[in-house]
Amino acid sequence: MMSGRDIVGFAANALLEHRRRTLLSLLGVAMGATAVVFLTGLGEGARLFVRGEFETLGSNLVVVLPGKNETAGALPGVGGVPNDLTIEDARALSRELRGARAVIPISTGTDLVSFRERRRQVAIVGTTRKFFDAMNLRVARGSFLPTAELGRGSSVAVLGNKAARELFQDRDPIGEVVRVGDARMRVIGVLASRGTQMGQNIDDMLFAPATTVMQLFNRSSLRRIMVQLNAYADADAMVEQIIAIMTERHDEEDVTCITQAAVMESLGGILRALTLAVGGIAAISLAVAGIGIMNVMLVSVSERTSEIGLLKAVGARGRDILAVFLIESALLSAMGGVLGLALGRSLLLLVSYLYPKVPATTPLWIVLSVLAMAISTGPLFGVIPAWRAMQLEPVASLRKG
Amino acid sequence: MIRLSKIWKTYEMGTQKLHALQDVSTTIEQGEHLAIMGPSGSGKSTLLNIVGCLDQPTSGEYFLDGEDVAQLSDDDLAEVRLRKIGFVFQSFHLIPRLSALANVALPMVFAGVPAAEREERAREAIDSVGLADWSDHKPAELSGGQKQRVAVARAVVMRPGLLLADEPTGNLDSASGRQVLDILCGLNQQGITLITVTHDPNVARLAERVMVLTDGAILREVEGRKVSTLDDLFSPVASGARDELA
Ligand SMILES: Nc1ncnc2c1ncn2[C@@H]1O[C@H](COP(=O)(O)OP(=O)(O)O)[C@@H](O)[C@H]1O
Ligand SMILES: [Mg+2]
């Protein structure tokens with residue numbers, strides 16, 4: 001009975017005899033493993049990045065949108081156009097909701113903002129002071145929008161960091177008046193830089209009271225209402241409350257609530273599925289590498305026919321021969337897997353060095369599954385060659401060479 | 001002890017049948033030295049491989065130390081080859097990537113002998129064929145005679161009772177062939193059963209008994225010391241030797 005150590009020693013020795021061939025088939029596995037580690041790592045990085053984005057939003061938010069998401073129950077056309085969300089709706093929610101820390105109306109549009117001869121197309125957000133708190137925004141200078149009764153909009157504006165720089169350059173914008181479309185607004189604050197978040201560049205926006213923005217764009221409805229929950233409030237219960245209140249006000253259920261948790265969950269799910277899909281495609285390259293190993297091992301078995309005959313003559317059993325060749329292919333793929341892991345991980349580090357926002361993660365489940373895949377590739381594709389070696393007739397094999 | 005009775009080995013060559021061995025029966029005592037002679041293709045290797053449990057006869061009985069070899073499983077046969085039988089081949093069959101010492105130790109790997117003991121016994125064996133200084137050399141660095149001596153050391157490292165040599169000097173010059181034969185005969189004198197396949201009457205003369213095969217059948221068996229020329233052995237009507245054992 002051959003000891004495990006002897007099998008590995010014998011197999012490693014045989015691999016070392018053909019260094020170049022060993023290295024090449026090992027590199028095949030390494031490339032496959034690199035691809036899997038790198039691509040799934042990127043996917044995981046993207047997922048964590050998105051989750052991080054959500055987390056910097058801080059508090060638990062429910063977004064109320066006009067229109068019902070599902071068609072269930074209502075025949076097309078019968079339900080008619082959904083009622084708009086109004087300032088009154090926001091006010092009612094603010095009055096009646098339990099567990100809400102803030103109810104924040106949001107009206108949006110895009111217009112030309114100018115200061116003297118400098119002008120810039122800017123996204124305009126009409127909201128209230130509580131918006132800044134809910135979004136974890138900080139002011140660099142001046143102050144946020146004033147705390148005012150909903151519906152009473154003064155002509156003041158808070159500028160995003162980039163918008164302020166573009167319009168004012170080195171000047172202090174605080175107290176200056178900008179033109180926004182046909183209106184004029186006094187700049188009372190500039191936000192600290194935040195960068196792009198959830199695909200929106202908050203730095204390049206202008207914030208003004210909700211009613212001011214609604215007047216500016218000549219609208220009577222809000223784009224949406226954001227509800228910020230108390231620390232201990234339950235998002236699902238809050239959604240039920242909101243829908244009940246809105247149904248009461250509109251005489252039909254015509255709003256959609258999106259919770260931050262649900263968005264995070266479904267987006268996370270999509271990204272993870274994408275990660276697995278990409279990882280799966282990369283795993284195909286591991287299978288290709290496996291076929292490379294099979295090829296190399298088949299060549300090796302036919303080259304070593306007389307050696308196999310001799311091993312049988314000196315007393316090796318069929319399963320000793322099988323073990324030697326299986327371990328040989330396992331060693332090939334395992335070394336390739338480890339090398340690929342190191343390479344993939346290095347590539348990820350390089351990416352996160354170039355794009356610091358994307359975390360270079362190689363979670364344990366990726367490490368373990370890549371190693372498991374790589375290590376099993378060898379024996380899986382090595383079975384046929386090893387079986388063939390085991391089945392060789394000793395007399396016929398000895399006759400060769 | 002080896003007892004062969006009515007051994008046939010038949011190969012189907014398309015529609016034709018080729019009898020590599022025909023009705024071979026003989027008994028070989030423990031410690032005997034038997035030489036097998038015969039023209040190329042006469043079935044010498046086939047017989048040796050059957051005796052070595054590397055091959056099975058098409059029909060006939062083979063008892064090795066009282067055990068019916070036909071009843072043994074593949075694993076049992078491997079065990080028999082491991083413990084009871086040593087092989088020496090014309091073309092040495094050393095593993096080129098392993099040192100002489102590792103080649104000698106190889107059977108012990110399959111016997112599960114611990115590494116330290118393996119090394120000790122392999123050194124002893126390689127020393128006994130006079131190659132202690134060549135232990136760490138690869139086969140490619142050895143002469144033909146040295147290779148065959150390493151192969152002999154490998155064949156006896158498990159202390160088998162039976163040593164089978166298929167034309168052991170066939171690839172060697174006469175001087176190194178002589179050295180190998182001396183070692184084989186020395187082992188035989190210590191009690192190992194030795195069966196040598198050879199073309200050389202000088203080799204056959206060293207054996208106690210010579211079996212002559214033609215077309216897979218035993219033509220005659222003679223005493224080794226009576227062997228003088230090949231003509232003598234292979235002539236259909238044997239002179240002198242005929243009366244001895246026929
Ligand atoms: N696997 C095989 N298939 C067909 N014929 C074989 C096979 N092995 C041996 N033979 C034939 O059997 C005969 C005896 O072969 P062998 O024992 O090798 O002869 P020797 O060793 O005396 O030269 C030869 O005719 C050979 O061609
Ligand atoms: Mg032969």
# chains A, B, ... in the order shown; residues from 1 in each chain; ligands from 1
>>> interface_residues(of="chain A", to="chain B", cutoff="10 Å", atoms="only C-alpha atoms", output="PyMOL selection string")
chain A and resi 1-3+6-7+10+13-14+16-17+304+306-320+393-396+398-399+401
>>> residues_around(residues="Gly189 in chain A", least_positions_apart="2", cutoff="8 Å", atoms="only C-alpha atoms", output="mmCIF file with all heavy atoms, in the first residue's frame")
data_model
loop_
_atom_site.group_PDB
_atom_site.id
_atom_site.type_symbol
_atom_site.label_atom_id
_atom_site.label_comp_id
_atom_site.auth_asym_id
_atom_site.auth_seq_id
_atom_site.Cartn_x
_atom_site.Cartn_y
_atom_site.Cartn_z
ATOM 1 N N VAL A 139 -22.789 71.377 4.865
ATOM 2 C CA VAL A 139 -22.535 72.649 4.178
ATOM 3 C C VAL A 139 -21.062 72.997 4.309
ATOM 4 O O VAL A 139 -20.451 72.766 5.344
ATOM 5 C CB VAL A 139 -23.338 73.852 4.742
ATOM 6 C CG1 VAL A 139 -24.721 73.891 4.162
ATOM 7 C CG2 VAL A 139 -23.320 73.875 6.238
ATOM 8 N N ALA A 140 -20.509 73.562 3.235
ATOM 9 C CA ALA A 140 -19.137 74.057 3.286
ATOM 10 C C ALA A 140 -19.147 75.497 3.795
ATOM 11 O O ALA A 140 -18.282 75.907 4.551
ATOM 12 C CB ALA A 140 -18.493 73.975 1.907
ATOM 13 N N ARG A 141 -20.123 76.258 3.329
ATOM 14 C CA ARG A 141 -20.275 77.642 3.801
ATOM 15 C C ARG A 141 -21.752 77.943 3.897
ATOM 16 O O ARG A 141 -22.568 77.336 3.241
ATOM 17 C CB ARG A 141 -19.639 78.668 2.852
ATOM 18 C CG ARG A 141 -18.655 78.118 1.861
ATOM 19 C CD ARG A 141 -18.124 79.238 0.978
ATOM 20 N NE ARG A 141 -17.916 80.445 1.741
ATOM 21 C CZ ARG A 141 -16.714 80.961 2.004
ATOM 22 N NH1 ARG A 141 -15.650 80.367 1.543
ATOM 23 N NH2 ARG A 141 -16.600 82.068 2.688
ATOM 24 N N GLY A 142 -22.072 78.971 4.696
ATOM 25 C CA GLY A 142 -23.461 79.396 4.797
ATOM 26 C C GLY A 142 -24.304 78.364 5.512
ATOM 27 O O GLY A 142 -23.845 77.672 6.411
ATOM 28 N N SER A 143 -25.563 78.219 5.055
ATOM 29 C CA SER A 143 -26.464 77.329 5.764
ATOM 30 C C SER A 143 -27.329 76.558 4.785
ATOM 31 O O SER A 143 -27.303 76.798 3.585
ATOM 32 C CB SER A 143 -27.353 78.147 6.698
ATOM 33 O OG SER A 143 -28.111 79.053 5.912
ATOM 34 N N PHE A 144 -28.077 75.592 5.331
ATOM 35 C CA PHE A 144 -29.060 74.852 4.545
ATOM 36 C C PHE A 144 -30.250 75.757 4.254
ATOM 37 O O PHE A 144 -30.305 76.901 4.689
ATOM 38 C CB PHE A 144 -29.544 73.630 5.337
ATOM 39 C CG PHE A 144 -28.487 72.572 5.511
ATOM 40 C CD1 PHE A 144 -28.219 72.046 6.765
ATOM 41 C CD2 PHE A 144 -27.779 72.079 4.407
ATOM 42 C CE1 PHE A 144 -27.271 71.055 6.927
ATOM 43 C CE2 PHE A 144 -26.832 71.087 4.572
ATOM 44 C CZ PHE A 144 -26.571 70.575 5.839
ATOM 45 N N LEU A 145 -31.229 75.199 3.580
ATOM 46 C CA LEU A 145 -32.485 75.927 3.365
ATOM 47 C C LEU A 145 -33.109 76.226 4.724
ATOM 48 O O LEU A 145 -32.917 75.474 5.676
ATOM 49 C CB LEU A 145 -33.446 75.081 2.524
ATOM 50 C CG LEU A 145 -33.001 74.808 1.089
ATOM 51 C CD1 LEU A 145 -33.985 73.872 0.411
ATOM 52 C CD2 LEU A 145 -32.869 76.113 0.305
ATOM 53 N N ALA A 157 -31.417 79.824 -2.321
ATOM 54 C CA ALA A 157 -30.887 78.603 -2.941
ATOM 55 C C ALA A 157 -29.619 78.155 -2.223
ATOM 56 O O ALA A 157 -28.861 78.973 -1.718
ATOM 57 C CB ALA A 157 -30.578 78.844 -4.412
ATOM 58 N N VAL A 158 -29.440 76.822 -2.210
ATOM 59 C CA VAL A 158 -28.179 76.249 -1.735
ATOM 60 C C VAL A 158 -27.535 75.582 -2.948
ATOM 61 O O VAL A 158 -28.192 74.849 -3.688
ATOM 62 C CB VAL A 158 -28.428 75.214 -0.617
ATOM 63 C CG1 VAL A 158 -27.139 74.485 -0.264
ATOM 64 C CG2 VAL A 158 -29.018 75.896 0.607
ATOM 65 N N LEU A 159 -26.248 75.868 -3.183
ATOM 66 C CA LEU A 159 -25.578 75.334 -4.365
ATOM 67 C C LEU A 159 -24.720 74.115 -4.033
ATOM 68 O O LEU A 159 -24.096 74.058 -2.977
ATOM 69 C CB LEU A 159 -24.668 76.408 -4.973
ATOM 70 C CG LEU A 159 -25.359 77.504 -5.772
ATOM 71 C CD1 LEU A 159 -24.352 78.591 -6.134
ATOM 72 C CD2 LEU A 159 -26.010 76.939 -7.030
ATOM 73 N N PRO A 173 -19.930 82.913 -2.893
ATOM 74 C CA PRO A 173 -21.296 83.006 -3.433
ATOM 75 C C PRO A 173 -22.325 83.454 -2.392
ATOM 76 O O PRO A 173 -23.416 83.871 -2.765
ATOM 77 C CB PRO A 173 -21.602 81.559 -3.866
ATOM 78 C CG PRO A 173 -20.374 80.766 -3.632
ATOM 79 C CD PRO A 173 -19.501 81.527 -2.693
ATOM 80 N N ILE A 174 -21.972 83.320 -1.116
ATOM 81 C CA ILE A 174 -22.980 83.585 -0.084
ATOM 82 C C ILE A 174 -23.456 85.032 -0.192
ATOM 83 O O ILE A 174 -22.665 85.971 -0.214
ATOM 84 C CB ILE A 174 -22.403 83.332 1.324
ATOM 85 C CG1 ILE A 174 -21.812 81.916 1.437
ATOM 86 C CG2 ILE A 174 -23.471 83.566 2.403
ATOM 87 C CD1 ILE A 174 -22.817 80.797 1.270
ATOM 88 N N VAL A 187 -28.201 83.133 -2.880
ATOM 89 C CA VAL A 187 -27.453 81.962 -2.425
ATOM 90 C C VAL A 187 -27.201 82.087 -0.932
ATOM 91 O O VAL A 187 -26.632 83.073 -0.474
ATOM 92 C CB VAL A 187 -26.114 81.840 -3.181
ATOM 93 C CG1 VAL A 187 -25.313 80.638 -2.657
ATOM 94 C CG2 VAL A 187 -26.364 81.709 -4.671
ATOM 95 N N LEU A 191 -22.804 73.479 -0.476
ATOM 96 C CA LEU A 191 -22.601 72.164 0.137
ATOM 97 C C LEU A 191 -21.141 71.726 0.042
ATOM 98 O O LEU A 191 -20.426 72.107 -0.883
ATOM 99 C CB LEU A 191 -23.458 71.102 -0.564
ATOM 100 C CG LEU A 191 -24.972 71.247 -0.434
ATOM 101 C CD1 LEU A 191 -25.666 70.139 -1.205
ATOM 102 C CD2 LEU A 191 -25.387 71.225 1.033
#
>>> select_by_dssp(residues="range 32-190 of chain A", states="helix (DSSP H, G or I)", output="ChimeraX atom specification")
/A:32-56,87-96,130-134,161-168
>>> residues_near_ligand(ligand="ligand 2", cutoff="7 Å", atoms="only C-alpha atoms and all ligand atoms", output="list in words")
Ser40, Gly41, Lys44, Ser45 and Asp166 of chain B
>>> write_last_selection(atoms="N, CA, C and O atoms", output="PDB file, in the first residue's frame")
ATOM      1  N   SER B  40      13.898 -16.934 -31.404  1.00  0.00           N
ATOM      2  CA  SER B  40      13.034 -15.775 -31.198  1.00  0.00           C
ATOM      3  C   SER B  40      11.593 -16.135 -31.561  1.00  0.00           C
ATOM      4  O   SER B  40      11.346 -16.783 -32.571  1.00  0.00           O
ATOM      5  N   GLY B  41      10.670 -15.790 -30.725  1.00  0.00           N
ATOM      6  CA  GLY B  41       9.262 -16.073 -30.988  1.00  0.00           C
ATOM      7  C   GLY B  41       8.837 -17.451 -30.538  1.00  0.00           C
ATOM      8  O   GLY B  41       7.698 -17.863 -30.781  1.00  0.00           O
ATOM      9  N   LYS B  44       9.422 -17.959 -25.049  1.00  0.00           N
ATOM     10  CA  LYS B  44      10.199 -17.885 -23.811  1.00  0.00           C
ATOM     11  C   LYS B  44       9.663 -16.783 -22.882  1.00  0.00           C
ATOM     12  O   LYS B  44       9.403 -17.022 -21.696  1.00  0.00           O
ATOM     13  N   SER B  45       9.497 -15.578 -23.439  1.00  0.00           N
ATOM     14  CA  SER B  45       9.034 -14.461 -22.607  1.00  0.00           C
ATOM     15  C   SER B  45       7.615 -14.716 -22.126  1.00  0.00           C
ATOM     16  O   SER B  45       7.268 -14.402 -20.976  1.00  0.00           O
ATOM     17  N   ASP B 166      14.752 -12.068 -18.031  1.00  0.00           N
ATOM     18  CA  ASP B 166      14.452 -12.259 -19.448  1.00  0.00           C
ATOM     19  C   ASP B 166      15.590 -11.676 -20.275  1.00  0.00           C
ATOM     20  O   ASP B 166      15.684 -10.466 -20.450  1.00  0.00           O
TER      21      ASP B 166
END
>>> residues_around(residues="range 266-281 of chain A", least_positions_apart="4", cutoff="8 Å", atoms="only C-alpha atoms", output="count of residues only")
14
>>> atom_distance(atom1="CA of Leu164 in chain B", atom2="CA of Lys17 in chain B")
27.7 Å
>>> residues_around(residues="Asp127 in chain B", least_positions_apart="3", cutoff="12 Å", atoms="only C-alpha atoms", output="list in words")
Ala100, Leu101, Val104, Glu119, Glu120, Arg121, Ala122, Arg123, Glu124, Gly130, Leu131, Ala132, Asp133, Trp134, Ser135, Arg149, Val150, Val152, Ala153, Arg154, Val157 and Ile183 of chain B
>>> select_by_dssp(residues="range 234-302 of chain A", states="strand (DSSP E or B)", output="MDAnalysis selection string")
chainID A and resid 255:259
>>> residues_around(residues="Gly160 in chain A", least_positions_apart="3", cutoff="8 Å", atoms="only C-alpha atoms", output="number ranges by chain")
A: 163-164, 190-193, 202-207
>>> write_last_selection(atoms="N, CA and C atoms", output="mmCIF file, in the first residue's frame")
data_model
loop_
_atom_site.group_PDB
_atom_site.id
_atom_site.type_symbol
_atom_site.label_atom_id
_atom_site.label_comp_id
_atom_site.auth_asym_id
_atom_site.auth_seq_id
_atom_site.Cartn_x
_atom_site.Cartn_y
_atom_site.Cartn_z
ATOM 1 N N ALA A 163 -21.331 73.290 -8.802
ATOM 2 C CA ALA A 163 -22.124 74.355 -9.403
ATOM 3 C C ALA A 163 -21.635 75.704 -8.888
ATOM 4 N N ALA A 164 -21.347 75.771 -7.577
ATOM 5 C CA ALA A 164 -20.877 77.020 -6.987
ATOM 6 C C ALA A 164 -19.533 77.421 -7.588
ATOM 7 N N VAL A 190 -23.452 76.751 0.466
ATOM 8 C CA VAL A 190 -22.754 75.900 -0.507
ATOM 9 C C VAL A 190 -22.454 74.569 0.195
ATOM 10 N N LEU A 191 -22.804 73.479 -0.476
ATOM 11 C CA LEU A 191 -22.601 72.164 0.137
ATOM 12 C C LEU A 191 -21.141 71.726 0.042
ATOM 13 N N ALA A 192 -20.758 70.935 1.003
ATOM 14 C CA ALA A 192 -19.448 70.278 0.916
ATOM 15 C C ALA A 192 -19.505 69.279 -0.235
ATOM 16 N N SER A 193 -18.362 69.047 -0.850
ATOM 17 C CA SER A 193 -18.337 68.156 -2.011
ATOM 18 C C SER A 193 -18.757 66.738 -1.612
ATOM 19 N N ILE A 202 -24.598 65.219 -7.002
ATOM 20 C CA ILE A 202 -25.176 66.177 -6.052
ATOM 21 C C ILE A 202 -24.384 67.482 -6.059
ATOM 22 N N ASP A 203 -23.126 67.413 -6.403
ATOM 23 C CA ASP A 203 -22.283 68.616 -6.451
ATOM 24 C C ASP A 203 -22.720 69.596 -7.530
ATOM 25 N N ASP A 204 -23.441 69.063 -8.540
ATOM 26 C CA ASP A 204 -23.817 69.944 -9.650
ATOM 27 C C ASP A 204 -25.313 70.245 -9.617
ATOM 28 N N MET A 205 -25.843 70.489 -8.420
ATOM 29 C CA MET A 205 -27.278 70.753 -8.274
ATOM 30 C C MET A 205 -27.499 72.075 -7.556
ATOM 31 N N LEU A 206 -28.728 72.530 -7.703
ATOM 32 C CA LEU A 206 -29.139 73.708 -6.948
ATOM 33 C C LEU A 206 -30.369 73.316 -6.146
ATOM 34 N N PHE A 207 -30.373 73.618 -4.854
ATOM 35 C CA PHE A 207 -31.489 73.280 -3.982
ATOM 36 C C PHE A 207 -32.223 74.547 -3.587
#
>>> residues_around(residues="range 19-33 of chain B", least_positions_apart="4", cutoff="8 Å", atoms="only C-alpha atoms", output="short mmCIF file (atom, residue, chain, number, x, y, z; two decimals) with N, CA, C and O atoms, in the first residue's frame")
data_model
loop_
_atom_site.label_atom_id
_atom_site.label_comp_id
_atom_site.auth_asym_id
_atom_site.auth_seq_id
_atom_site.Cartn_x
_atom_site.Cartn_y
_atom_site.Cartn_z
N MET B 1 8.02 -23.46 -4.75
CA MET B 1 7.98 -24.43 -5.82
C MET B 1 6.95 -24.04 -6.87
O MET B 1 5.90 -23.51 -6.57
N ILE B 2 7.32 -24.30 -8.12
CA ILE B 2 6.46 -23.92 -9.23
C ILE B 2 6.00 -25.18 -9.95
O ILE B 2 6.82 -26.05 -10.27
N ARG B 3 4.70 -25.31 -10.15
CA ARG B 3 4.21 -26.45 -10.91
C ARG B 3 3.31 -25.95 -12.04
O ARG B 3 2.28 -25.31 -11.81
N LEU B 4 3.76 -26.19 -13.27
CA LEU B 4 2.99 -25.80 -14.45
C LEU B 4 2.46 -27.08 -15.08
O LEU B 4 3.21 -28.06 -15.22
N SER B 5 1.17 -27.06 -15.44
CA SER B 5 0.65 -28.27 -16.06
C SER B 5 -0.26 -27.93 -17.22
O SER B 5 -1.22 -27.17 -17.07
N LYS B 6 0.13 -28.43 -18.39
CA LYS B 6 -0.64 -28.27 -19.64
C LYS B 6 -0.98 -26.80 -19.92
O LYS B 6 -2.12 -26.43 -20.17
N ILE B 7 0.06 -25.95 -19.85
CA ILE B 7 -0.15 -24.51 -20.07
C ILE B 7 -0.22 -24.22 -21.57
O ILE B 7 0.68 -24.59 -22.34
N TRP B 8 -1.30 -23.58 -21.97
CA TRP B 8 -1.46 -23.09 -23.34
C TRP B 8 -1.63 -21.58 -23.29
O TRP B 8 -2.28 -21.05 -22.40
N LYS B 9 -1.03 -20.92 -24.26
CA LYS B 9 -1.31 -19.48 -24.42
C LYS B 9 -1.59 -19.26 -25.90
O LYS B 9 -0.72 -19.54 -26.75
N THR B 10 -2.79 -18.83 -26.19
CA THR B 10 -3.22 -18.72 -27.58
C THR B 10 -3.66 -17.30 -27.89
O THR B 10 -4.41 -16.70 -27.13
N TYR B 11 -3.12 -16.75 -28.94
CA TYR B 11 -3.56 -15.42 -29.41
C TYR B 11 -4.42 -15.60 -30.65
O TYR B 11 -4.07 -16.37 -31.54
N GLY B 41 10.67 -15.79 -30.73
CA GLY B 41 9.26 -16.07 -30.99
C GLY B 41 8.84 -17.45 -30.54
O GLY B 41 7.70 -17.86 -30.78
N SER B 42 9.69 -18.15 -29.84
CA SER B 42 9.35 -19.51 -29.44
C SER B 42 8.52 -19.56 -28.15
O SER B 42 8.11 -20.63 -27.72
N GLY B 43 8.29 -18.41 -27.52
CA GLY B 43 7.40 -18.38 -26.35
C GLY B 43 8.11 -18.26 -25.02
O GLY B 43 7.49 -18.38 -23.97
N THR B 46 6.80 -15.28 -23.01
CA THR B 46 5.42 -15.57 -22.63
C THR B 46 5.39 -16.50 -21.41
O THR B 46 4.65 -16.25 -20.45
N LEU B 47 6.23 -17.51 -21.45
CA LEU B 47 6.28 -18.46 -20.33
C LEU B 47 6.76 -17.76 -19.06
O LEU B 47 6.18 -17.92 -17.97
N GLY B 60 -4.76 -24.37 -18.67
CA GLY B 60 -3.71 -25.03 -17.91
C GLY B 60 -3.68 -24.56 -16.48
O GLY B 60 -4.34 -23.58 -16.13
N GLY B 161 11.35 -15.04 -3.35
CA GLY B 161 11.88 -16.39 -3.48
C GLY B 161 12.19 -16.76 -4.91
O GLY B 161 12.84 -17.77 -5.17
N ASN B 188 21.32 -17.11 -6.56
CA ASN B 188 20.77 -18.46 -6.66
C ASN B 188 21.42 -19.38 -5.62
O ASN B 188 20.76 -20.20 -5.00
N GLN B 189 22.75 -19.18 -5.46
CA GLN B 189 23.45 -20.00 -4.47
C GLN B 189 22.94 -19.74 -3.05
O GLN B 189 22.95 -20.61 -2.20
N GLY B 191 19.96 -19.35 -2.39
CA GLY B 191 18.68 -20.01 -2.20
C GLY B 191 17.52 -19.52 -3.06
O GLY B 191 16.44 -20.10 -3.04
N ILE B 192 17.73 -18.42 -3.81
CA ILE B 192 16.63 -17.89 -4.62
C ILE B 192 16.45 -18.79 -5.85
O ILE B 192 17.42 -19.32 -6.38
N THR B 193 15.21 -19.02 -6.23
CA THR B 193 14.94 -19.75 -7.46
C THR B 193 15.21 -18.81 -8.63
O THR B 193 14.71 -17.68 -8.63
N LEU B 194 15.99 -19.26 -9.63
CA LEU B 194 16.37 -18.37 -10.73
C LEU B 194 15.93 -18.97 -12.05
O LEU B 194 16.25 -20.14 -12.35
N ILE B 195 15.18 -18.20 -12.81
CA ILE B 195 14.82 -18.65 -14.16
C ILE B 195 15.36 -17.60 -15.13
O ILE B 195 15.02 -16.42 -15.04
N THR B 196 16.24 -18.06 -16.03
CA THR B 196 16.88 -17.13 -16.96
C THR B 196 16.52 -17.51 -18.39
O THR B 196 16.68 -18.65 -18.79
N ALA B 207 23.22 -23.07 -15.68
CA ALA B 207 21.98 -23.53 -15.05
C ALA B 207 22.04 -25.03 -14.78
O ALA B 207 22.80 -25.77 -15.40
N GLU B 208 21.21 -25.43 -13.82
CA GLU B 208 21.14 -26.86 -13.54
C GLU B 208 20.41 -27.58 -14.67
O GLU B 208 20.71 -28.71 -15.00
N ARG B 209 19.41 -26.85 -15.21
CA ARG B 209 18.57 -27.50 -16.19
C ARG B 209 18.30 -26.48 -17.30
O ARG B 209 18.13 -25.29 -17.02
N ASP B 215 8.43 -23.14 -31.12
CA ASP B 215 7.01 -22.94 -31.43
C ASP B 215 6.10 -23.11 -30.21
O ASP B 215 5.00 -23.65 -30.30
N GLY B 216 6.60 -22.69 -29.07
CA GLY B 216 5.76 -22.70 -27.88
C GLY B 216 5.70 -24.02 -27.16
O GLY B 216 5.04 -24.15 -26.13
N ALA B 217 6.39 -25.00 -27.68
CA ALA B 217 6.36 -26.30 -27.01
C ALA B 217 7.75 -26.66 -26.52
O ALA B 217 8.75 -26.19 -27.07
N ILE B 218 7.81 -27.49 -25.48
CA ILE B 218 9.11 -27.92 -24.98
C ILE B 218 9.67 -28.95 -25.95
O ILE B 218 9.06 -30.00 -26.18
#
>>> atom_distance(atom1="atom 12 (O, counted along the ligand's line) of ligand 1", atom2="CA of Ala151 in chain B")
25.2 Å
>>> residues_around(residues="Pro168 in chain B", least_positions_apart="3", cutoff="8 Å", atoms="only C-alpha atoms", output="ChimeraX atom specification")
/B:88-90,148,165,171,177,180,196-198
